[in-house]
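To be precise, the following lines are target-v8.cif, and they hold mmCIF, N, CA and C atoms.
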```cif
data_run
loop_
_atom_site.label_atom_id
_atom_site.label_comp_id
_atom_site.auth_asym_id
_atom_site.auth_seq_id
_atom_site.Cartn_x
_atom_site.Cartn_y
_atom_site.Cartn_z
N MET A 1 0.84 -1.17 0.00
CA MET A 1 0.00 0.00 0.00
C MET A 1 0.88 1.24 0.00
N ARG A 2 0.47 2.21 -0.77
CA ARG A 2 1.22 3.47 -0.86
C ARG A 2 0.26 4.62 -0.62
N ILE A 3 0.63 5.50 0.29
CA ILE A 3 -0.24 6.59 0.74
C ILE A 3 0.38 7.94 0.41
N LEU A 4 -0.47 8.89 0.05
CA LEU A 4 -0.04 10.27 -0.14
C LEU A 4 -0.74 11.13 0.90
N LEU A 5 0.05 11.82 1.71
CA LEU A 5 -0.47 12.72 2.74
C LEU A 5 -0.37 14.14 2.21
N VAL A 6 -1.44 14.91 2.33
CA VAL A 6 -1.45 16.27 1.79
C VAL A 6 -1.98 17.23 2.86
N ASP A 7 -1.10 18.11 3.31
CA ASP A 7 -1.46 19.09 4.33
C ASP A 7 -0.46 20.23 4.24
N ASP A 8 -0.92 21.45 4.41
CA ASP A 8 0.00 22.59 4.32
C ASP A 8 0.76 22.86 5.62
N GLU A 9 0.54 22.07 6.65
CA GLU A 9 1.30 22.18 7.90
C GLU A 9 2.47 21.19 7.81
N ILE A 10 3.63 21.68 7.42
CA ILE A 10 4.79 20.82 7.13
C ILE A 10 5.21 19.96 8.32
N GLU A 11 5.25 20.54 9.51
CA GLU A 11 5.67 19.75 10.67
C GLU A 11 4.69 18.62 10.95
N PHE A 12 3.41 18.92 10.86
CA PHE A 12 2.39 17.90 11.11
C PHE A 12 2.50 16.77 10.10
N ILE A 13 2.56 17.11 8.83
CA ILE A 13 2.50 16.10 7.78
C ILE A 13 3.79 15.27 7.70
N SER A 14 4.94 15.91 7.94
CA SER A 14 6.20 15.15 7.92
C SER A 14 6.26 14.21 9.13
N THR A 15 5.78 14.66 10.27
CA THR A 15 5.75 13.80 11.46
C THR A 15 4.79 12.64 11.25
N LEU A 16 3.65 12.90 10.66
CA LEU A 16 2.69 11.83 10.39
C LEU A 16 3.28 10.80 9.44
N ALA A 17 3.98 11.25 8.41
CA ALA A 17 4.63 10.32 7.48
C ALA A 17 5.65 9.45 8.22
N ASP A 18 6.42 10.04 9.13
CA ASP A 18 7.40 9.28 9.92
C ASP A 18 6.71 8.27 10.82
N ARG A 19 5.63 8.68 11.46
CA ARG A 19 4.91 7.78 12.37
C ARG A 19 4.30 6.59 11.61
N LEU A 20 3.80 6.84 10.41
CA LEU A 20 3.28 5.75 9.60
C LEU A 20 4.40 4.82 9.15
N ALA A 21 5.53 5.39 8.77
CA ALA A 21 6.68 4.58 8.35
C ALA A 21 7.14 3.65 9.46
N MET A 22 7.12 4.14 10.68
CA MET A 22 7.52 3.30 11.83
C MET A 22 6.58 2.12 12.00
N ARG A 23 5.40 2.22 11.43
CA ARG A 23 4.41 1.14 11.52
C ARG A 23 4.30 0.37 10.21
N GLY A 24 5.28 0.57 9.32
CA GLY A 24 5.35 -0.21 8.10
C GLY A 24 4.49 0.29 6.96
N ILE A 25 4.01 1.53 7.04
CA ILE A 25 3.17 2.09 5.98
C ILE A 25 3.97 3.14 5.23
N SER A 26 4.15 2.91 3.94
CA SER A 26 4.91 3.83 3.10
C SER A 26 4.04 5.03 2.75
N ALA A 27 4.51 6.22 3.14
CA ALA A 27 3.73 7.44 2.88
C ALA A 27 4.64 8.56 2.40
N ASP A 28 4.26 9.15 1.28
CA ASP A 28 4.90 10.37 0.81
C ASP A 28 4.01 11.52 1.26
N TYR A 29 4.55 12.73 1.23
CA TYR A 29 3.69 13.85 1.58
C TYR A 29 3.92 15.03 0.64
N ALA A 30 2.87 15.84 0.56
CA ALA A 30 2.88 17.06 -0.22
C ALA A 30 2.33 18.17 0.67
N THR A 31 2.84 19.38 0.48
CA THR A 31 2.40 20.49 1.32
C THR A 31 1.43 21.43 0.61
N SER A 32 0.94 21.00 -0.54
CA SER A 32 -0.09 21.78 -1.26
C SER A 32 -0.82 20.85 -2.22
N GLY A 33 -1.99 21.30 -2.64
CA GLY A 33 -2.73 20.53 -3.62
C GLY A 33 -1.97 20.39 -4.93
N ARG A 34 -1.33 21.46 -5.35
CA ARG A 34 -0.55 21.43 -6.60
C ARG A 34 0.59 20.42 -6.51
N GLN A 35 1.30 20.43 -5.39
CA GLN A 35 2.40 19.48 -5.21
C GLN A 35 1.86 18.04 -5.19
N ALA A 36 0.68 17.85 -4.61
CA ALA A 36 0.06 16.52 -4.60
C ALA A 36 -0.22 16.04 -6.02
N LEU A 37 -0.72 16.94 -6.87
CA LEU A 37 -1.00 16.57 -8.26
C LEU A 37 0.27 16.16 -8.99
N GLU A 38 1.37 16.87 -8.73
CA GLU A 38 2.66 16.50 -9.34
C GLU A 38 3.08 15.11 -8.89
N LYS A 39 2.94 14.81 -7.60
CA LYS A 39 3.35 13.51 -7.08
C LYS A 39 2.49 12.39 -7.65
N VAL A 40 1.21 12.63 -7.81
CA VAL A 40 0.30 11.62 -8.36
C VAL A 40 0.67 11.28 -9.80
N HIS A 41 1.21 12.25 -10.53
CA HIS A 41 1.62 11.98 -11.91
C HIS A 41 2.93 11.21 -11.98
N GLN A 42 3.68 11.17 -10.88
CA GLN A 42 4.97 10.48 -10.86
C GLN A 42 4.90 9.10 -10.21
N THR A 43 3.96 8.90 -9.29
CA THR A 43 3.91 7.69 -8.48
C THR A 43 2.47 7.22 -8.34
N HIS A 44 2.27 5.90 -8.27
CA HIS A 44 0.94 5.34 -8.02
C HIS A 44 0.69 5.33 -6.51
N TYR A 45 -0.45 5.87 -6.11
CA TYR A 45 -0.87 5.84 -4.71
C TYR A 45 -2.21 5.13 -4.62
N ASP A 46 -2.38 4.38 -3.53
CA ASP A 46 -3.64 3.69 -3.30
C ASP A 46 -4.65 4.58 -2.59
N LEU A 47 -4.13 5.52 -1.79
CA LEU A 47 -4.99 6.35 -0.97
C LEU A 47 -4.34 7.70 -0.73
N ALA A 48 -5.16 8.74 -0.66
CA ALA A 48 -4.66 10.07 -0.30
C ALA A 48 -5.40 10.54 0.94
N LEU A 49 -4.64 11.05 1.89
CA LEU A 49 -5.17 11.67 3.09
C LEU A 49 -5.05 13.18 2.87
N LEU A 50 -6.18 13.87 2.78
CA LEU A 50 -6.19 15.27 2.37
C LEU A 50 -6.70 16.18 3.48
N ASP A 51 -5.93 17.24 3.77
CA ASP A 51 -6.42 18.30 4.63
C ASP A 51 -7.50 19.04 3.84
N MET A 52 -8.58 19.40 4.50
CA MET A 52 -9.67 20.04 3.79
C MET A 52 -9.36 21.50 3.45
N LYS A 53 -8.73 22.22 4.37
CA LYS A 53 -8.49 23.64 4.15
C LYS A 53 -7.00 23.90 3.97
N MET A 54 -6.63 24.23 2.75
CA MET A 54 -5.26 24.58 2.41
C MET A 54 -5.29 25.79 1.50
N ALA A 55 -4.22 26.56 1.51
CA ALA A 55 -4.11 27.67 0.56
C ALA A 55 -4.09 27.10 -0.85
N GLY A 56 -4.63 27.82 -1.80
CA GLY A 56 -4.69 27.32 -3.17
C GLY A 56 -5.78 26.27 -3.28
N LEU A 57 -5.42 25.09 -3.71
CA LEU A 57 -6.39 24.00 -3.83
C LEU A 57 -6.68 23.40 -2.46
N GLY A 58 -7.93 23.38 -2.06
CA GLY A 58 -8.33 22.72 -0.83
C GLY A 58 -8.45 21.22 -1.06
N GLY A 59 -8.83 20.51 -0.03
CA GLY A 59 -8.92 19.05 -0.11
C GLY A 59 -9.89 18.54 -1.15
N PHE A 60 -11.10 19.13 -1.19
CA PHE A 60 -12.09 18.68 -2.17
C PHE A 60 -11.63 18.96 -3.59
N GLU A 61 -11.06 20.14 -3.81
CA GLU A 61 -10.59 20.49 -5.15
C GLU A 61 -9.42 19.60 -5.58
N THR A 62 -8.52 19.32 -4.65
CA THR A 62 -7.40 18.43 -4.95
C THR A 62 -7.91 17.04 -5.31
N MET A 63 -8.88 16.57 -4.53
CA MET A 63 -9.46 15.25 -4.80
C MET A 63 -10.10 15.20 -6.19
N ASP A 64 -10.84 16.24 -6.55
CA ASP A 64 -11.46 16.28 -7.87
C ASP A 64 -10.41 16.17 -8.98
N GLN A 65 -9.31 16.89 -8.83
CA GLN A 65 -8.25 16.87 -9.84
C GLN A 65 -7.57 15.50 -9.90
N ILE A 66 -7.29 14.93 -8.74
CA ILE A 66 -6.62 13.61 -8.70
C ILE A 66 -7.51 12.55 -9.35
N ARG A 67 -8.79 12.59 -9.07
CA ARG A 67 -9.71 11.58 -9.60
C ARG A 67 -9.76 11.54 -11.12
N LYS A 68 -9.45 12.65 -11.76
CA LYS A 68 -9.45 12.67 -13.23
C LYS A 68 -8.43 11.69 -13.79
N ASP A 69 -7.28 11.57 -13.11
CA ASP A 69 -6.22 10.67 -13.58
C ASP A 69 -6.18 9.35 -12.82
N CYS A 70 -6.74 9.33 -11.62
CA CYS A 70 -6.65 8.14 -10.75
C CYS A 70 -8.03 7.83 -10.18
N PRO A 71 -8.95 7.36 -11.00
CA PRO A 71 -10.34 7.18 -10.54
C PRO A 71 -10.52 6.13 -9.45
N THR A 72 -9.55 5.23 -9.28
CA THR A 72 -9.71 4.20 -8.26
C THR A 72 -9.06 4.55 -6.92
N MET A 73 -8.39 5.68 -6.84
CA MET A 73 -7.75 6.07 -5.59
C MET A 73 -8.81 6.33 -4.53
N LYS A 74 -8.50 5.94 -3.30
CA LYS A 74 -9.37 6.18 -2.15
C LYS A 74 -8.93 7.46 -1.45
N PHE A 75 -9.88 8.09 -0.72
CA PHE A 75 -9.59 9.35 -0.06
C PHE A 75 -10.11 9.38 1.37
N ILE A 76 -9.31 9.98 2.22
CA ILE A 76 -9.72 10.29 3.59
C ILE A 76 -9.49 11.78 3.77
N ILE A 77 -10.50 12.47 4.28
CA ILE A 77 -10.36 13.90 4.59
C ILE A 77 -9.97 14.02 6.06
N LEU A 78 -9.00 14.86 6.32
CA LEU A 78 -8.54 15.15 7.68
C LEU A 78 -8.63 16.65 7.87
N THR A 79 -9.31 17.07 8.92
CA THR A 79 -9.50 18.51 9.10
C THR A 79 -9.55 18.91 10.56
N GLY A 80 -9.16 20.11 10.80
CA GLY A 80 -9.31 20.73 12.11
C GLY A 80 -10.47 21.70 12.11
N HIS A 81 -11.13 21.83 10.97
CA HIS A 81 -12.19 22.83 10.81
C HIS A 81 -13.45 22.20 10.25
N GLY A 82 -13.83 21.06 10.76
CA GLY A 82 -14.96 20.34 10.19
C GLY A 82 -16.29 20.97 10.53
N ASP A 83 -17.23 20.75 9.65
CA ASP A 83 -18.60 21.14 9.92
C ASP A 83 -19.52 20.13 9.23
N GLU A 84 -20.79 20.18 9.58
CA GLU A 84 -21.72 19.18 9.07
C GLU A 84 -21.86 19.25 7.55
N GLU A 85 -21.86 20.45 7.00
CA GLU A 85 -21.99 20.60 5.55
C GLU A 85 -20.82 19.93 4.81
N ALA A 86 -19.60 20.15 5.30
CA ALA A 86 -18.43 19.54 4.68
C ALA A 86 -18.46 18.02 4.85
N TYR A 87 -18.90 17.57 6.02
CA TYR A 87 -19.01 16.13 6.26
C TYR A 87 -19.99 15.50 5.26
N LEU A 88 -21.16 16.12 5.11
CA LEU A 88 -22.16 15.58 4.19
C LEU A 88 -21.67 15.60 2.75
N LYS A 89 -20.97 16.67 2.36
CA LYS A 89 -20.42 16.72 1.00
C LYS A 89 -19.39 15.61 0.80
N SER A 90 -18.57 15.36 1.83
CA SER A 90 -17.54 14.32 1.69
C SER A 90 -18.18 12.95 1.46
N LYS A 91 -19.27 12.68 2.13
CA LYS A 91 -19.97 11.40 1.94
C LYS A 91 -20.59 11.34 0.55
N GLU A 92 -21.14 12.45 0.11
CA GLU A 92 -21.79 12.52 -1.19
C GLU A 92 -20.82 12.26 -2.34
N ILE A 93 -19.57 12.73 -2.19
CA ILE A 93 -18.60 12.58 -3.28
C ILE A 93 -17.68 11.37 -3.12
N GLY A 94 -17.98 10.52 -2.14
CA GLY A 94 -17.28 9.25 -2.05
C GLY A 94 -16.01 9.22 -1.23
N VAL A 95 -15.88 10.15 -0.28
CA VAL A 95 -14.74 10.10 0.63
C VAL A 95 -14.94 8.92 1.57
N ALA A 96 -13.91 8.12 1.78
CA ALA A 96 -14.03 6.94 2.62
C ALA A 96 -14.29 7.32 4.08
N PHE A 97 -13.52 8.28 4.59
CA PHE A 97 -13.67 8.71 5.98
C PHE A 97 -13.38 10.19 6.10
N TYR A 98 -14.02 10.81 7.07
CA TYR A 98 -13.87 12.23 7.37
C TYR A 98 -13.42 12.29 8.82
N LEU A 99 -12.16 12.61 9.05
CA LEU A 99 -11.57 12.56 10.39
C LEU A 99 -11.17 13.95 10.88
N MET A 100 -11.23 14.13 12.18
CA MET A 100 -10.90 15.41 12.80
C MET A 100 -9.52 15.36 13.45
N LYS A 101 -8.81 16.50 13.36
CA LYS A 101 -7.56 16.69 14.10
C LYS A 101 -7.93 17.14 15.51
N PRO A 102 -7.15 16.82 16.52
CA PRO A 102 -5.98 15.95 16.49
C PRO A 102 -6.39 14.50 16.27
N LEU A 103 -5.47 13.73 15.78
CA LEU A 103 -5.78 12.40 15.29
C LEU A 103 -4.98 11.34 16.04
N ASP A 104 -5.66 10.28 16.42
CA ASP A 104 -4.99 9.13 17.01
C ASP A 104 -4.42 8.28 15.88
N ILE A 105 -3.12 7.99 15.93
CA ILE A 105 -2.45 7.27 14.85
C ILE A 105 -3.03 5.88 14.63
N GLU A 106 -3.40 5.20 15.70
CA GLU A 106 -3.96 3.86 15.55
C GLU A 106 -5.33 3.91 14.86
N LEU A 107 -6.13 4.92 15.18
CA LEU A 107 -7.42 5.10 14.50
C LEU A 107 -7.19 5.38 13.02
N LEU A 108 -6.22 6.23 12.71
CA LEU A 108 -5.92 6.52 11.31
C LEU A 108 -5.53 5.25 10.56
N ILE A 109 -4.66 4.45 11.13
CA ILE A 109 -4.24 3.21 10.47
C ILE A 109 -5.44 2.28 10.26
N GLU A 110 -6.31 2.20 11.25
CA GLU A 110 -7.53 1.39 11.11
C GLU A 110 -8.39 1.90 9.94
N LYS A 111 -8.55 3.20 9.84
CA LYS A 111 -9.38 3.78 8.77
C LYS A 111 -8.71 3.62 7.40
N ILE A 112 -7.40 3.74 7.35
CA ILE A 112 -6.68 3.51 6.08
C ILE A 112 -6.92 2.08 5.62
N ASN A 113 -6.75 1.13 6.53
CA ASN A 113 -6.95 -0.27 6.18
C ASN A 113 -8.39 -0.56 5.75
N GLN A 114 -9.36 0.05 6.44
CA GLN A 114 -10.77 -0.13 6.07
C GLN A 114 -11.05 0.45 4.69
N ALA A 115 -10.53 1.64 4.42
CA ALA A 115 -10.77 2.28 3.13
C ALA A 115 -10.21 1.43 2.00
N LEU A 116 -9.02 0.89 2.18
CA LEU A 116 -8.40 0.09 1.12
C LEU A 116 -9.09 -1.28 0.98
N LYS A 117 -9.51 -1.84 2.07
CA LYS A 117 -10.20 -3.14 2.05
C LYS A 117 -11.56 -3.03 1.36
N ASN A 118 -12.26 -1.93 1.60
CA ASN A 118 -13.60 -1.76 1.03
C ASN A 118 -13.57 -1.30 -0.41
N GLY A 119 -12.37 -1.15 -0.97
CA GLY A 119 -12.26 -0.67 -2.35
C GLY A 119 -12.45 -1.77 -3.31
#
```

Same coordinates, now as structure tokens:
Amino acid sequence: MRILLVDDEIEFISTLADRLAMRGISADYATSGRQALEKVHQTHYDLALLDMKMAGLGGFETMDQIRKDCPTMKFIILTGHGDEEAYLKSKEIGVAFYLMKPLDIELLIEKINQALKNG
């Protein structure tokens, strides 16, 4: 399994990538939606974990762009600014899970595994 983490908080996302690596999960990260799109064109990913609110392309916009080239990729939204409207939209457009920060690493791994299994 190969994961792409996308969040504009560099310390958070790099630490999360390290924590996943320590648990045997290969994860690259991008600090913007544009950078995520570049990475998707270079490498196959099974799942993307997207921050919902980022400068430039937000999580939903990034997901829309990625899906054009990678229709089978799974998505998990991770946000510190969730609301019911965004949650409902995420379900409507096929996001596997909508998770809130701060995040328990074991819960994240469980949700990653569920998203990939249900694909």

Task: Selection under test: the PyMOL selection byres ((chain A and resi 2) around 6.5); residues as a ChimeraX atom specification - done: /A:1,3-4,26-28,44-47

Open item on the list: Which residues would end up in the selection if the PyMOL selection byres (((chain A and resi 55 and name CA) around 12) and name CA) were applied here, given that I need the answer as a PyMOL selection string?
Closed with: chain A and resi 6-9+31-35+51-54+56-59+61-62

Task: All alpha helix (DSSP H) positions in chain A, as number ranges by chain - done: A: 10-22, 33-42, 59-69, 84-92, 105-117

Open item on the list: So that I can check the surroundings of Ile105 (chain A), please list as a PyMOL selection string every protein, DNA and RNA residue that reaches within 12 Å of it, counting only C-alpha atoms and ignoring chain neighbours fewer than 2 positions away.
Closed with: chain A and resi 15-23+25+99-103+107-112

Open item on the list: Quick check, in Å to one decimal: how far apart do CA of Tyr29 (chain A) and CA of Leu78 (chain A) lie?
Closed with: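 A separation of 13.7 Å between them.
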
Task: CA of His81 (chain A) to atom N of Tyr98 (chain A), distance in Å rounded to a single decimal - done: 12.7 Å

- [ ] Using all atoms listed in the file, pick whichever of A:Ile66, A:Glu84, A:Leu5, A:Phe75 has the shortest atom-to-atom distance to Leu116 (chain A).
- [x]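 For Leu116 (chain A), the nearest of the given residues is A:Phe75.
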
Task: Atom pair CA of Thr43 (chain A) / CA of Lys89 (chain A): separation (Å) - done: 27.6 Å

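Considering only chain A, backbone DSSP assigns strand (DSSP E or B) to Arg2, Ile3, Leu4, Leu5, Val6, Ser26, Ala27, Asp28, Tyr29, Ala30, Leu47, Ala48, Leu49, Leu50, Asp51, Lys74, Phe75, Ile76, Ile77, Leu78, Thr79, Phe97, Tyr98, Leu99 and Met100 of chain A.
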
Open item on the list: With the PyMOL selection byres (((chain A and resi 93 and name CA) around 12) and name CA) as the selection, what would be picked from this file? Answer as a PyMOL selection string, please.
Closed with: chain A and resi 60-61+63-64+67+74-77+86-92+94-98

Could you put an axis-aligned box around every listed atom of region 93-101 of chain A, padded by 6 Å on each side, and send me its centre and edge lengths in Å to one decimal, as lines of an AutoDock Vina configuration file?
```
center_x = -13.6
center_y = 12.0
center_z = 6.1
size_x = 24.0
size_y = 22.2
size_z = 30.8
```
